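What's in target32.txt: compact mmCIF, C-alpha atoms
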# COMPACT_ATOMS: atom_id res chain seq x y z
CA MET A 1 29.28 -35.63 -10.84
CA LYS A 2 32.59 -35.13 -9.05
CA ASN A 3 33.87 -32.64 -11.60
CA PHE A 4 30.67 -30.59 -11.79
CA LYS A 5 31.87 -26.99 -12.17
CA LEU A 6 30.04 -23.85 -13.18
CA ASN A 7 31.02 -20.33 -14.10
CA SER A 8 28.70 -17.95 -12.27
CA ALA A 9 27.86 -14.26 -12.35
CA VAL A 10 26.15 -11.83 -10.01
CA ILE A 11 24.50 -8.72 -11.43
CA GLY A 12 23.68 -6.28 -8.64
CA LEU A 13 25.67 -6.26 -5.40
CA GLY A 14 23.16 -5.03 -2.86
CA SER A 15 22.32 -7.01 0.27
CA VAL A 16 20.91 -9.91 -1.77
CA GLY A 17 23.62 -9.93 -4.44
CA ASN A 18 26.37 -9.91 -1.83
CA GLU A 19 24.95 -13.00 -0.15
CA HIS A 20 24.76 -14.73 -3.53
CA LEU A 21 28.37 -13.78 -4.21
CA ASN A 22 29.49 -15.16 -0.86
CA PHE A 23 27.65 -18.40 -1.60
CA TYR A 24 29.40 -18.77 -4.96
CA LYS A 25 32.78 -18.06 -3.39
CA LYS A 26 32.29 -20.89 -0.89
CA SER A 27 30.71 -23.39 -3.28
CA LYS A 28 32.84 -26.31 -4.48
CA ASN A 29 30.82 -26.36 -7.70
CA ILE A 30 31.74 -22.83 -8.78
CA ASN A 31 34.81 -22.35 -10.93
CA LYS A 32 34.86 -18.66 -11.85
CA ILE A 33 32.76 -15.68 -10.71
CA PHE A 34 31.91 -12.54 -12.64
CA ILE A 35 30.42 -9.49 -10.93
CA CYS A 36 28.72 -6.41 -12.25
CA ASP A 37 27.57 -3.26 -10.46
CA LYS A 38 28.51 0.33 -9.72
CA PHE A 39 32.14 1.04 -8.80
CA LYS A 40 31.26 2.06 -5.22
CA LYS A 41 29.74 -1.35 -4.50
CA ILE A 42 32.47 -3.31 -6.27
CA LYS A 43 35.11 -1.42 -4.29
CA LYS A 44 33.77 -2.96 -1.07
CA ILE A 45 34.07 -6.55 -2.34
CA LYS A 46 36.83 -8.57 -0.67
CA HIS A 47 39.06 -11.16 -2.35
CA LYS A 48 38.65 -9.62 -5.79
CA LYS A 49 41.57 -11.70 -7.08
CA SER A 50 39.27 -14.71 -7.50
CA ILE A 51 36.56 -12.62 -9.16
CA GLU A 52 36.40 -10.94 -12.55
CA ILE A 53 34.77 -7.51 -12.71
CA THR A 54 32.87 -6.81 -15.90
CA LYS A 55 30.07 -4.68 -17.40
CA ILE A 56 26.51 -5.68 -18.27
CA GLU A 57 27.09 -5.24 -22.01
CA LYS A 58 29.97 -7.75 -21.78
CA ILE A 59 28.61 -10.23 -19.25
CA PHE A 60 26.42 -12.08 -21.75
CA LYS A 61 29.42 -12.56 -24.03
CA LYS A 62 31.31 -14.47 -21.34
CA LYS A 63 31.22 -18.22 -20.87
CA ILE A 64 28.78 -18.28 -17.95
CA ASP A 65 26.58 -21.16 -16.78
CA VAL A 66 24.43 -19.45 -14.16
CA ILE A 67 23.60 -15.81 -13.44
CA SER A 68 22.16 -14.36 -10.24
CA ILE A 69 20.10 -11.32 -11.19
CA SER A 70 19.75 -9.07 -8.15
CA ASN A 71 19.70 -5.52 -9.46
CA TYR A 72 16.72 -3.19 -8.96
CA ASP A 73 13.24 -4.62 -9.64
CA ASN A 74 12.60 -2.68 -12.85
CA GLY A 75 15.83 -4.02 -14.38
CA HIS A 76 15.17 -7.75 -13.95
CA ALA A 77 13.16 -8.40 -17.12
CA GLU A 78 15.75 -7.07 -19.57
CA LEU A 79 18.47 -9.28 -18.09
CA VAL A 80 16.18 -12.31 -17.97
CA LEU A 81 15.43 -11.86 -21.68
CA ARG A 82 19.15 -11.70 -22.49
CA GLY A 83 19.79 -14.82 -20.44
CA ILE A 84 17.01 -16.79 -22.11
CA LYS A 85 18.34 -15.85 -25.55
CA LYS A 86 21.80 -17.08 -24.55
CA ASN A 87 20.33 -20.23 -22.93
CA ILE A 88 21.87 -19.50 -19.51
CA ASN A 89 20.57 -20.76 -16.15
CA LEU A 90 18.97 -17.84 -14.31
CA PHE A 91 18.41 -17.28 -10.60
CA VAL A 92 16.34 -14.11 -10.29
CA GLU A 93 15.61 -12.03 -7.22
CA LYS A 94 11.86 -11.50 -6.99
CA PRO A 95 9.94 -10.13 -8.75
CA LEU A 96 10.68 -11.73 -12.10
CA CYS A 97 9.41 -8.57 -13.79
CA THR A 98 7.16 -5.58 -13.10
CA SER A 99 4.60 -5.50 -15.94
CA PHE A 100 2.50 -7.73 -18.18
CA ASP A 101 4.37 -6.41 -21.21
CA GLN A 102 7.61 -7.70 -19.71
CA LEU A 103 6.05 -11.02 -18.67
CA ASP A 104 4.64 -11.56 -22.17
CA LYS A 105 8.08 -10.94 -23.65
CA ILE A 106 9.69 -13.38 -21.21
CA TYR A 107 7.13 -16.10 -21.95
CA ASN A 108 7.36 -15.58 -25.73
CA SER A 109 11.15 -15.71 -25.51
CA LEU A 110 10.98 -19.02 -23.60
CA VAL A 111 8.86 -20.42 -26.44
CA LEU A 112 10.89 -18.88 -29.26
CA HIS A 113 14.25 -20.10 -27.95
CA ASN A 114 12.89 -23.39 -26.55
CA TYR A 115 14.60 -22.54 -23.28
CA LYS A 116 15.86 -25.71 -21.58
CA LYS A 117 17.82 -24.28 -18.68
CA LEU A 118 16.57 -23.49 -15.17
CA LEU A 119 14.82 -20.22 -14.44
CA MET A 120 13.94 -19.79 -10.77
CA CYS A 121 13.09 -16.84 -8.53
CA ASN A 122 14.56 -16.19 -5.12
CA PHE A 123 11.60 -16.72 -2.79
CA VAL A 124 13.54 -17.35 0.42
CA LEU A 125 10.46 -18.43 2.41
CA ARG A 126 10.43 -21.59 0.29
CA GLU A 127 13.28 -22.70 2.55
CA SER A 128 11.39 -22.01 5.78
CA ASN A 129 11.39 -25.27 7.75
CA ILE A 130 8.27 -24.43 9.72
CA PHE A 131 6.26 -23.28 6.69
CA ASN A 132 7.35 -26.31 4.69
CA LYS A 133 6.37 -28.60 7.55
CA ILE A 134 2.88 -27.11 7.70
CA ILE A 135 2.45 -27.10 3.91
CA LYS A 136 3.35 -30.79 3.89
CA GLN A 137 0.57 -31.44 6.44
CA VAL A 138 -1.85 -29.45 4.28
CA THR A 139 -0.84 -31.47 1.21
CA ASN A 140 -1.32 -34.72 3.14
CA GLY A 141 -4.86 -33.67 4.04
CA ASP A 142 -4.24 -33.19 7.76
CA PHE A 143 -5.87 -29.75 7.67
CA GLY A 144 -8.94 -30.94 5.81
CA ASP A 145 -10.21 -28.39 3.28
CA ILE A 146 -8.49 -24.98 3.37
CA PHE A 147 -11.24 -22.37 3.44
CA TYR A 148 -9.20 -19.27 4.33
CA PHE A 149 -5.57 -18.17 4.07
CA GLU A 150 -4.13 -14.92 5.36
CA GLY A 151 -0.64 -13.55 4.80
CA ASP A 152 0.71 -10.20 5.98
CA TYR A 153 4.05 -8.89 4.75
CA LEU A 154 4.97 -6.35 7.44
CA TYR A 155 7.94 -4.47 6.04
CA GLY A 156 8.70 -2.20 8.99
CA ARG A 157 11.57 -0.46 7.19
CA LEU A 158 10.13 2.93 6.30
CA ASN A 159 13.57 4.45 5.76
CA LYS A 160 14.23 2.09 2.84
CA ILE A 161 11.29 3.35 0.80
CA LEU A 162 11.84 6.99 1.73
CA ASN A 163 15.58 7.15 1.12
CA GLY A 164 16.53 3.96 -0.75
CA TRP A 165 16.23 2.89 -4.38
CA ARG A 166 12.59 1.81 -3.94
CA GLY A 167 11.54 5.41 -3.46
CA LYS A 168 13.34 6.43 -6.63
CA GLU A 169 11.97 3.63 -8.79
CA LYS A 170 9.02 4.71 -10.91
CA ASN A 171 5.83 2.82 -10.04
CA TYR A 172 7.44 0.72 -7.30
CA SER A 173 4.93 -1.86 -6.08
CA VAL A 174 4.89 -3.04 -2.47
CA MET A 175 2.91 -6.13 -3.53
CA LEU A 176 5.37 -7.12 -6.28
CA GLY A 177 8.38 -6.23 -4.13
CA GLY A 178 7.27 -7.82 -0.86
CA GLY A 179 3.74 -9.19 -0.69
CA ILE A 180 4.59 -11.60 -3.50
CA HIS A 181 6.42 -13.76 -0.91
CA LEU A 182 3.06 -14.50 0.71
CA ILE A 183 1.37 -15.00 -2.68
CA ASP A 184 3.92 -17.73 -3.34
CA ILE A 185 3.09 -19.45 -0.05
CA MET A 186 -0.64 -19.06 -0.74
CA LEU A 187 -0.28 -20.93 -4.04
CA ARG A 188 1.64 -23.73 -2.33
CA VAL A 189 -0.99 -24.07 0.39
CA PHE A 190 -3.96 -24.22 -2.01
CA ASN A 191 -1.92 -26.14 -4.63
CA LYS A 192 -3.85 -24.28 -7.32
CA PHE A 193 -4.16 -20.81 -8.77
CA PRO A 194 -6.93 -18.35 -7.86
CA TYR A 195 -9.35 -17.27 -10.58
CA LYS A 196 -10.02 -13.68 -9.51
CA VAL A 197 -8.61 -10.91 -7.32
CA LYS A 198 -9.70 -7.56 -5.92
CA THR A 199 -7.08 -5.16 -4.48
CA ALA A 200 -7.22 -1.93 -2.50
CA GLY A 201 -4.43 0.27 -1.18
CA ASN A 202 -3.42 3.62 0.22
CA ASN A 203 -0.44 5.83 1.03
CA LEU A 204 -1.62 7.46 4.25
CA VAL A 205 1.70 6.80 5.99
CA THR A 206 3.89 8.37 3.30
CA LYS A 207 1.52 10.86 1.66
CA ASN A 208 3.60 13.85 2.82
CA THR A 209 6.94 12.35 1.76
CA SER A 210 8.85 11.87 -1.48
CA PHE A 211 7.45 8.32 -1.85
CA LYS A 212 4.52 8.70 -4.23
CA GLN A 213 3.31 5.10 -4.54
CA ASN A 214 0.98 3.13 -2.27
CA ASP A 215 2.80 2.03 0.87
CA PHE A 216 -0.08 -0.32 1.75
CA SER A 217 -1.86 -2.83 -0.47
CA THR A 218 -4.24 -5.69 0.31
CA SER A 219 -5.56 -8.27 -2.16
CA LEU A 220 -8.50 -10.65 -1.81
CA PHE A 221 -8.11 -13.80 -3.92
CA SER A 222 -10.90 -16.28 -4.74
CA PHE A 223 -10.44 -19.93 -5.67
CA LYS A 224 -12.90 -22.05 -7.64
CA ASN A 225 -13.28 -24.52 -4.75
CA GLY A 226 -14.65 -21.69 -2.58
CA GLY A 227 -11.41 -20.94 -0.76
CA ILE A 228 -10.51 -17.32 -0.03
CA ALA A 229 -7.14 -15.71 0.66
CA LYS A 230 -6.06 -12.25 1.74
CA ILE A 231 -2.53 -10.99 1.12
CA THR A 232 -1.32 -7.67 2.54
CA ALA A 233 1.86 -5.73 1.77
CA ASN A 234 2.27 -3.25 4.60
CA TYR A 235 5.40 -1.13 4.13
CA GLY A 236 4.46 1.84 6.29
CA CYS A 237 3.53 -0.07 9.45
CA VAL A 238 5.00 0.72 12.86
CA HIS A 239 6.30 -2.80 13.34
CA ASN A 240 9.38 -4.96 13.05
CA HIS A 241 9.96 -6.84 9.78
CA GLN A 242 7.68 -9.84 9.94
CA HIS A 243 5.74 -12.38 7.88
CA VAL A 244 2.39 -13.20 9.48
CA LEU A 245 0.75 -16.38 8.23
CA LYS A 246 -2.62 -17.91 9.05
CA ILE A 247 -4.03 -21.10 7.54
CA TYR A 248 -7.58 -22.16 8.37
CA GLY A 249 -8.69 -25.67 7.48
CA THR A 250 -11.75 -27.67 8.44
CA LYS A 251 -9.60 -29.83 10.76
CA LYS A 252 -6.66 -27.64 11.82
CA THR A 253 -5.52 -24.02 12.10
CA PHE A 254 -1.95 -22.72 11.87
CA ILE A 255 -0.85 -19.25 12.96
CA TYR A 256 2.58 -17.64 12.79
CA ASP A 257 3.11 -14.12 14.14
CA ASP A 258 5.10 -12.28 16.83
CA LEU A 259 3.97 -14.83 19.42
CA GLY A 260 5.58 -17.62 17.39
CA ALA A 261 4.11 -20.58 15.50
CA ARG A 262 1.05 -22.39 16.81
CA LEU A 263 -0.95 -25.31 15.54
CA TYR A 264 -4.53 -25.96 16.69
CA ASN A 265 -6.45 -29.20 16.19
CA LYS A 266 -9.39 -28.52 18.54
CA ARG A 267 -11.54 -25.53 19.33
CA ASP A 268 -10.67 -25.72 23.02
CA PHE A 269 -7.58 -23.49 23.21
CA ASN A 270 -6.25 -24.98 26.47
CA LYS A 271 -6.24 -28.53 25.13
CA ALA A 272 -5.48 -28.09 21.47
CA SER A 273 -2.51 -25.81 20.89
CA LYS A 274 1.01 -26.83 19.93
CA LYS A 275 3.83 -24.30 19.87
CA PHE A 276 7.04 -24.52 17.85
CA ARG A 277 10.45 -23.22 18.85
CA LEU A 278 12.00 -21.17 16.07
CA LYS A 279 15.47 -19.72 15.64
CA ASN A 280 15.10 -18.18 12.19
CA ILE A 281 12.21 -18.32 9.77
CA TYR A 282 14.78 -18.86 6.96
CA ASN A 283 18.56 -18.97 6.67
CA GLY A 284 19.78 -16.02 4.64
CA LYS A 285 18.98 -14.51 1.26
CA ASP A 286 21.08 -17.17 -0.47
CA CYS A 287 19.32 -20.14 1.15
CA LEU A 288 17.67 -21.30 -2.10
CA LEU A 289 20.91 -21.31 -4.08
CA LYS A 290 22.09 -24.59 -2.58
CA LYS A 291 18.94 -26.36 -3.82
CA TYR A 292 19.17 -24.53 -7.15
CA ILE A 293 22.77 -25.65 -7.80
CA LYS A 294 21.91 -29.18 -6.65
CA GLN A 295 19.11 -29.29 -9.21
CA LEU A 296 21.46 -28.13 -11.96
CA LYS A 297 23.86 -30.87 -10.94
CA SER A 298 21.28 -33.65 -11.00
CA SER A 299 19.10 -32.66 -13.98
CA LYS A 300 19.97 -33.14 -17.62
CA ASN A 301 16.57 -31.84 -18.72
CA ILE A 302 15.02 -29.15 -16.56
CA ASN A 303 11.35 -29.64 -15.64
CA LYS A 304 9.43 -26.86 -17.40
CA ASP A 305 6.77 -27.01 -14.67
CA ILE A 306 9.21 -25.16 -12.39
CA ILE A 307 9.56 -22.34 -14.90
CA MET A 308 5.85 -22.17 -15.61
CA ASN A 309 5.13 -21.91 -11.90
CA GLU A 310 7.33 -18.80 -11.78
CA ILE A 311 5.57 -17.36 -14.84
CA ASN A 312 2.06 -17.95 -13.51
CA LEU A 313 2.95 -16.81 -10.00
CA MET A 314 4.09 -13.56 -11.57
CA SER A 315 0.84 -13.36 -13.52
CA VAL A 316 -1.22 -13.71 -10.32
CA ALA A 317 0.79 -10.94 -8.64
CA LEU A 318 0.47 -8.64 -11.66
CA PHE A 319 -3.30 -9.11 -11.79
CA ALA A 320 -3.42 -8.13 -8.11
CA GLU A 321 -1.46 -4.98 -8.95
CA GLN A 322 -3.60 -4.28 -12.00
CA SER A 323 -6.73 -4.54 -9.84
CA LEU A 324 -5.29 -1.89 -7.54
CA LYS A 325 -4.64 0.50 -10.42
CA THR A 326 -8.01 0.02 -12.13
CA LYS A 327 -9.98 -0.32 -8.85
CA ASN A 328 -11.83 -3.27 -10.38
CA GLU A 329 -11.90 -6.98 -9.68
CA LYS A 330 -9.76 -8.90 -12.16
CA LYS A 331 -10.14 -12.39 -13.56
CA ILE A 332 -6.74 -14.09 -13.47
CA LYS A 333 -5.39 -15.56 -16.70
CA LEU A 334 -2.58 -18.11 -16.74
CA TYR A 335 0.00 -19.02 -19.37
CA LYS A 336 0.09 -22.39 -21.09
CA LYS A 337 3.09 -24.65 -20.68
CA TYR A 338 5.52 -24.02 -23.54

Produce structure tokens that represent the structure in this file.
Amino acid sequence: MKNFKLNSAVIGLGSVGNEHLNFYKKSKNINKIFICDKFKKIKKIKHKKSIEITKIEKIFKKKIDVISISNYDNGHAELVLRGIKKNINLFVEKPLCTSFDQLDKIYNSLVLHNYKKLLMCNFVLRESNIFNKIIKQVTNGDFGDIFYFEGDYLYGRLNKILNGWRGKEKNYSVMLGGGIHLIDIMLRVFNKFPYKVKTAGNNLVTKNTSFKQNDFSTSLFSFKNGGIAKITANYGCVHNHQHVLKIYGTKKTFIYDDLGARLYNKRDFNKASKKFRLKNIYNGKDCLLKKYIKQLKSSKNINKDIIMNEINLMSVALFAEQSLKTKNEKKIKLYKKY
């Protein structure tokens, strides 16, 4: 499609929204761009002549093909619901929503409006070359049976939860806001959904501060084939921002941490390890948009499996959060394909 052109919009011009805006400005497939946020943030935007500034109450009345939703976490669901009703393609910063009530409304709206556009969340680690390479090996059976997966989301940015919007957001969840990245990878590695989860957490790092939520959360997931996974969202740690990943199979082990990425195929460390040279674990907070736009360009009918994966991923994360609040193990329920 040589003349494939889209009108796009970005709602929320924080660090993520700005990268999305810059992507749209450079894309040959974008015709017009609408932006929406507070005046202070809009004032900093360059080249405003090629961009139309508007308000949220007006943005869904415009002729827009795709919207990047990158405002604060607790505001995602409302905008997603508006977009589904208007049958607009949606690219949503994670998390998709922050409660089961919101997720139920989103799912029911998909069914009610027979949504046929593309709804996708911005999980940037899906574009990690090294993780994708290892997941491909897992899928091909090179690792044998995966019996344990471990993912640690080390935030290392204490100032952001003490002084930024996260600290002001009621019931902010470190698992939904950060650990969910590793939940997404976990699901790709096992290629199935877990059936139960037990979560614990604490706020020992920030207990004497204005941040009143848990700054640490760890979830233990169980799969019906016997596999186990542990996901940790560690916002208060004394550490640089990092994603630690460990995959243990009956034939191979993969580890990624501060020492880099290593692959082991024997139990003799000196003979079995393979190290990978890495520049960046992923390329920017807009790295998925290229694939997203390419899919819009090539697909007349969007595969609903993509949307249902986002819905059920969100369900898994919410059950982990619910387990933390109730202090009980939770059986995970999934949504049926609409």

Which protein, DNA or RNA residues are at most 12 Å from (17.0, -23.5, -5.0) in the file's coordinates when you count only C-alpha atoms, listed as number ranges by chain? A: 20, 68, 90-93, 118-127, 285-297, 306

Set out as a tab-separated table a contact list for region 70-152 of chain A and region 186-196 of chain A with a cut-off of 12 Å, giving each residue of region 70-152 of chain A that qualifies its closest atom pair and distance in Å to one decimal, counting only C-alpha atoms, ordered by chain and rising residue number.
residue	atom	partner	partner_atom	distance
A:Leu125	CA	A:Arg188	CA	11.3
A:Arg126	CA	A:Arg188	CA	9.4
A:Phe131	CA	A:Val189	CA	9.6
A:Asn132	CA	A:Arg188	CA	9.4
A:Lys133	CA	A:Val189	CA	11.2
A:Ile134	CA	A:Val189	CA	8.8
A:Ile135	CA	A:Val189	CA	5.8
A:Lys136	CA	A:Val189	CA	8.7
A:Gln137	CA	A:Val189	CA	9.7
A:Val138	CA	A:Val189	CA	6.7
A:Thr139	CA	A:Val189	CA	7.4
A:Asn140	CA	A:Val189	CA	11.0
A:Gly141	CA	A:Val189	CA	11.0
A:Phe143	CA	A:Val189	CA	10.4
A:Gly144	CA	A:Phe190	CA	11.5
A:Asp145	CA	A:Phe190	CA	9.2
A:Ile146	CA	A:Phe190	CA	7.1
A:Phe147	CA	A:Phe190	CA	9.3
A:Tyr148	CA	A:Phe190	CA	9.6
A:Phe149	CA	A:Met186	CA	6.9
A:Glu150	CA	A:Met186	CA	8.2
A:Gly151	CA	A:Met186	CA	7.8
A:Asp152	CA	A:Met186	CA	11.2

Tell me, counting all atoms listed in the file, for each residue of region 209-289 of chain A within 7 Å of region 167-175 of chain A, which pair of atoms is nearest and how far apart they are in Å to one decimal, in rows ordered by chain and increasing number, as a tab-separated table.
residue	atom	partner	partner_atom	distance
A:Phe211	CA	A:Gly167	CA	5.3
A:Gln213	CA	A:Asn171	CA	6.5
A:Asp215	CA	A:Val174	CA	6.4
A:Ser217	CA	A:Met175	CA	6.6
A:Ala233	CA	A:Met175	CA	5.4
A:Tyr235	CA	A:Val174	CA	6.9

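Take the candidates A:Phe100, A:Lys212, A:Lys337, A:Ser298 and check each one against Glu321 (chain A) using all atoms listed in the file; the shortest distance goes to A:Phe100.
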
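Of note, CA of Ala77 (chain A) and CA of Thr199 (chain A) are spaced 24.1 Å apart.
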
Just want the 9 Å neighbourhood of Gly201 (chain A), counted on only C-alpha atoms, with same-chain residues fewer than 5 positions away dropped. Output as a short mmCIF file (atom, residue, chain, number, x, y, z; two decimals) with C-alpha atoms, keeping the file's coordinate frame.
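What ended up in around_5.cif:
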data_model
loop_
_atom_site.label_atom_id
_atom_site.label_comp_id
_atom_site.auth_asym_id
_atom_site.auth_seq_id
_atom_site.Cartn_x
_atom_site.Cartn_y
_atom_site.Cartn_z
CA ASN A 214 0.98 3.13 -2.27
CA ASP A 215 2.80 2.03 0.87
CA PHE A 216 -0.08 -0.32 1.75
CA SER A 217 -1.86 -2.83 -0.47
CA THR A 218 -4.24 -5.69 0.31
CA SER A 219 -5.56 -8.27 -2.16
CA LEU A 324 -5.29 -1.89 -7.54
#

Of A:Lys304, A:Gly178, A:Asp268, A:Arg82, the one nearest to Ile106 (chain A) when counting only C-alpha atoms is A:Arg82

Adding 5 Å on each side of the box along x, y and z that holds all listed atoms of region 6-21 of chain A, could you give its centre and edge lengths in Å to one decimal, as JSON?
{"center_x": 26.0, "center_y": -14.4, "center_z": -6.9, "size_x": 20.1, "size_y": 28.8, "size_z": 24.4}

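Counting from CA of Ala200 (chain A), the distance to CA of Ile307 (chain A) is 29.2 Å.
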
Can you list, as an NGL selection string, every protein, DNA or RNA residue that comes within 9 Å of Glu19 (chain A) when you count all atoms listed in the file, leaving out same-chain residues fewer than 4 positions away? :A and (13-15 or 23-24 or 284-286)

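CA of Asn225 (chain A) sits 18.6 Å away from CA of Thr253 (chain A).
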
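Of the listed residues (A:Lys58, A:Lys26, A:His181, A:Lys85), A:Lys85 comes nearest to Lys116 (chain A); the distances count all atoms listed in the file.
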
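Contact shell of Val10 (chain A) at 9 Å (all atoms listed in the file; same-chain neighbours under 4 positions omitted): Gly17, Asn18, His20, Leu21, Ile33, Phe34, Ile35, Cys36, Asp37, Val66, Ile67, Ser68, Ile69 and Ser70 of chain A.
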
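Comparing A:Asp101, A:Asn89, A:Gly249, A:Lys331 by their smallest distance to Ile302 (chain A), the closest is A:Asn89 (using all atoms listed in the file).
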